[in-house]
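Novice: Okay, here's the structure, questions in a sec.
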Amino acid sequence: MEKRDYKKEFCTLMDQFAFRYSRWQVWNDFLSLSAISLANVIPTPEKEEREEKYHAILSGYREEEREIFPQMLHLVVLALSDNPEQDFLGSLYHHLELHQEQKGQFFTPYHICEFMSEIQFTDSEADEMLKERRYISVNDPACGAGAMLIAFANVARKHGINYQKHVLFVAQDIDRTAAMMCYIQMSLLGCPAIVVIGDSLAKPFPHPDNEVWCTLFYYLNHWRFASGEAGERQEDSGVAEEQGMAAVTLEHPPENVRLIEGADGQLMLCMETAS
Ligand SMILES: C[S@@+](CC[C@H](N)C(=O)[O-])C[C@H]1O[C@@H](n2cnc3c(N)ncnc32)[C@H](O)[C@@H]1O
C-alpha cells in the first residue's frame with residue numbers, strides 16, 4: 001500500500017484558506033484550537049477562559065472553513081501514530097516557511113535530537129532516579145516544537161522505560177507558537193508534560209507570569225510526581241501544586257478521549273469529538 005504523505009495532505013488543507021487569511025494566522029489559529037481541544041478534556045481552572053477563546057477564534061471563519069481545523073488535527077494524529085519518532089509539527093513549520101529566524105527558530109533535525117538523547121541516557125542513572133523518586137524528569141527550556149523531548153521519550157522507551165508513566169517532561173519557550181506546537185505533540189504522544197510560555201532566562205518556570213499548559217497524561221500521573229515516599233499515593237502534593245498551580249486529579253481519561261495504540265504499543269491520544 002502506498003504510504004500517505006501527511007505533510008502534503010496538511011498543506012492541501014491549509015491551501016483552502018488561501019486568499020482570505022494569511023498562512024501565519026491559519027497556522028496559529030489551528031494550534032490554539034487544537035491545544036484548547038486537547039486541554040479542555042480536563043476540568044482545569046483555565047477551562048472556561050480557553051473555551052471562550054476557542055469560540056472567538058472560530059467566529060472569524062466561515063462555517064465550511066471551521067470544519068477544516070479538525071481535519072488538520074486528524075492528520076497530525078495519524079502522522080504521529082504512524083511514526084512517533086519525529087517532530088511532525090516542527091518540520092511542517094519549517095516546510096511552510098513560518099519559522100522566525102530572528103528568534104533563532106531553527107529546530108534541530110529529529111535524528112540529531114535522538115543521537116543527543118541516546119548519548120546522554122545511562123541505564124544506571126535512570127534506574128537510580130526511578131528507584132529514588134519513581135520518575136525521571138527532563139527539561140528543555142527552549143523547547144521549540146518539542147523535538148528534543150520527543151526524542152528523549154522514544155529513547156527512554158527503547159531503554160525499557162514507559163515514558164507515559166515514568167518521565168516528567170518540562171518544556172518552556174518564549175514564543176507562544178512554539179509552545180503550542182510542543183503542547184500538542186506532547187499531548188498526542190501521551191507524555192506527562194508541563195509546557196510553559198515564558199522567558200526561561202528572565203522568568204524560568206515556576207514564575208507567576210508563566211502561562212502553563214499541562215497535558216492529560218500529566219494529570220493522570222500527577223500523584224506519581226508527588227514528593228512523598230516511594231509507592232505512596234499522594235493526591236494533594238503534585239508538582240503542579242508545589243508550583244502554586246491548582247491541583248486536578250484524574251483517575252481515568254475523560255469520556256470524550258480515546259486512547260489508540262500506536263507503533264510499539266504506545267498509547268496515542270485521540271478525541272471522539274472536537275470541543
Ligand atoms: C534553536 S530553537 C531550538 C528548539 C528545540 N529545542 C529544538 O532543538 O528543536 C530555540 C528556541 O528557543 C526559543 N527561545 C529563545 N529565547 C528564549 C528564552 N529566553 N526563553 C525561552 N525560549 C527561548 C525560541 O523561541 C526557539 O523556539
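By convention here, the chains of the C-alpha cells are called A, B, ... in the order presented, each chain's residues are numbered starting at 1, and ligands are numbered starting at 1 in the order presented.
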For stretch 84-90 of chain A, list every protein, DNA or RNA residue within 8 Å, evaluated using only C-alpha atoms, and leave out those in the same chain fewer than 2 positions away; present the list as a list of chain:residue names.
Specialist: A:Val76, A:Ala79, A:Leu80, A:Ser81, A:Asp82, A:Leu92, A:Tyr93, A:His94, A:Phe107, A:Tyr110, A:Gly144, A:Ala145, A:Gly146, A:Ala147, A:Ile150, A:Ala151, A:Asn154, A:Met181, A:Gln185, A:Leu189, A:Gly262, A:Ala263
Novice: Would you kindly return, as a VMD selection string, each protein, DNA or RNA residue with an atom no farther than 10 Å from any atom of stretch 201-214 of chain A, considering only C-alpha atoms and excluding same-chain residues fewer than 4 positions away?
Specialist: chain A and resid 35 to 36 38 to 39 42 44 46 141 to 142 169 to 174 176 179 to 180 183 186 to 187 191 to 197 218 to 219 240 242 to 245
Novice: At what distance in Å, to one decimal, does atom CA of A:Gln16 lie from atom CA of A:Ala178?
Specialist: 23.4 Å
Novice: Running DSSP on the backbone, which parts of stretch 69-218 of chain A land in strand (DSSP E or B), as a PyMOL selection string?
Specialist: chain A and resi 136-140+167-173+193-197+211-214
Novice: Could you jot down the atom 19 (N, counted along the ligand's line) of ligand 1 to atom CA of A:Ser200 separation for me, Å, one decimal place?
Specialist: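 A separation of 4.9 Å between them.
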Novice: Quick one: everything within 12 Å of A:His166, counting only C-alpha atoms, minus sequence neighbours fewer than 5 positions away in the same chain. Send it as a list in words.
Specialist: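 In the requested format, the answer is Ala126, Asp127, Met129, Leu130, Lys131, Arg133, Arg134, Tyr135, Ile136, Ser137, Val138, Ala153, Ala156, Arg157, Gly160, Ile161, Gly190, Cys191, Pro192, Ala193, Phe217, Tyr218, Leu220, Asn221, His222, Trp223, Arg224 and Phe225 of chain A.
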Novice: Let me make sure I understand: among A:Pro43, A:Ser37, A:Leu58, A:Trp27, which one has the smallest atom-to-atom distance to A:Cys11 if we use only C-alpha atoms?
Specialist: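 Distance minimum relative to A:Cys11 lands on A:Trp27.
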Novice: Have a look at atom CA of A:Ser22 and atom CA of A:Gly60 and let me know their distance in Å, one decimal.
Specialist: 12.9 Å
Novice: Which residue gives the smallest distance to ligand 1 among A:Leu31, A:Leu188, A:Cys113, A:Val248, with only C-alpha atoms and all ligand atoms counted?
Specialist: A:Cys113
Novice: Determine the nearest neighbour of A:Ser34 from the options A:Ser59, A:Gln71, A:Gln164, A:Thr12, counting only C-alpha atoms.
Specialist: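 Of the candidates, the smallest distance to A:Ser34 is held by A:Gln71.
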Novice: Find the spatial neighbours of A:Leu78, counting only C-alpha atoms, within a cut-off of 10 Å - ignore same-chain residues fewer than 4 positions away - and output them as a VMD selection string.
Specialist: chain A and resid 4 6 73 to 74 82 to 84 262 268 270
Novice: Go ahead and save the picked residues with N, CA and C atoms, as a PDB file, in the first residue's frame.
Specialist:
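Now in out_27.pdb:
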ATOM      1  N   ARG A   4       0.974   7.267   2.918  1.00  0.00           N
ATOM      2  CA  ARG A   4       0.351   8.593   2.798  1.00  0.00           C
ATOM      3  C   ARG A   4       1.356   9.691   3.133  1.00  0.00           C
ATOM      4  N   TYR A   6       1.391  12.787   4.821  1.00  0.00           N
ATOM      5  CA  TYR A   6       0.559  13.622   5.705  1.00  0.00           C
ATOM      6  C   TYR A   6       0.895  15.105   5.586  1.00  0.00           C
ATOM      7  N   LEU A  73      -5.999  18.515  12.446  1.00  0.00           N
ATOM      8  CA  LEU A  73      -5.533  17.841  13.667  1.00  0.00           C
ATOM      9  C   LEU A  73      -5.530  16.318  13.474  1.00  0.00           C
ATOM     10  N   HIS A  74      -6.535  15.838  12.758  1.00  0.00           N
ATOM     11  CA  HIS A  74      -6.617  14.399  12.491  1.00  0.00           C
ATOM     12  C   HIS A  74      -5.358  13.914  11.751  1.00  0.00           C
ATOM     13  N   ASP A  82       1.485   6.820  13.109  1.00  0.00           N
ATOM     14  CA  ASP A  82       2.251   6.013  12.144  1.00  0.00           C
ATOM     15  C   ASP A  82       3.730   6.022  12.489  1.00  0.00           C
ATOM     16  N   ASN A  83       4.218   7.194  12.870  1.00  0.00           N
ATOM     17  CA  ASN A  83       5.632   7.316  13.209  1.00  0.00           C
ATOM     18  C   ASN A  83       5.821   8.305  14.366  1.00  0.00           C
ATOM     19  N   PRO A  84       5.868   7.778  15.607  1.00  0.00           N
ATOM     20  CA  PRO A  84       6.033   8.681  16.760  1.00  0.00           C
ATOM     21  C   PRO A  84       7.461   9.213  16.898  1.00  0.00           C
ATOM     22  N   GLY A 262      -0.521   3.091  19.226  1.00  0.00           N
ATOM     23  CA  GLY A 262       0.322   3.443  18.090  1.00  0.00           C
ATOM     24  C   GLY A 262       1.418   2.397  17.908  1.00  0.00           C
ATOM     25  N   MET A 268      -1.716   6.524  22.086  1.00  0.00           N
ATOM     26  CA  MET A 268      -1.824   7.832  21.438  1.00  0.00           C
ATOM     27  C   MET A 268      -3.160   8.428  21.813  1.00  0.00           C
ATOM     28  N   CYS A 270      -6.525  10.559  21.305  1.00  0.00           N
ATOM     29  CA  CYS A 270      -7.410  10.882  20.192  1.00  0.00           C
ATOM     30  C   CYS A 270      -8.756  11.306  20.782  1.00  0.00           C
TER      31      CYS A 270
END
Novice: Write out as number ranges by chain all residues of stretch 17-244 of chain A that DSSP puts in alpha helix (DSSP H) for this structure's backbone.
Specialist: A: 23-39, 47-58, 63-66, 68-82, 88-95, 110-120, 123-133, 147-158, 163-166, 176-188, 216-220, 239-242
Novice: From the set A:Phe115, A:Phe106, A:Phe152, A:Tyr54, which residue has the shortest atom-to-atom contact distance to ligand 1, counting only C-alpha atoms and all ligand atoms?
Specialist: A:Phe106
Novice: Of the candidates A:Met116, A:Ile184, A:Val257, A:Val155, which one gets nearest to ligand 1 if we count only C-alpha atoms and all ligand atoms?
Specialist: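 So, comparing all the options, the nearest one is A:Met116.
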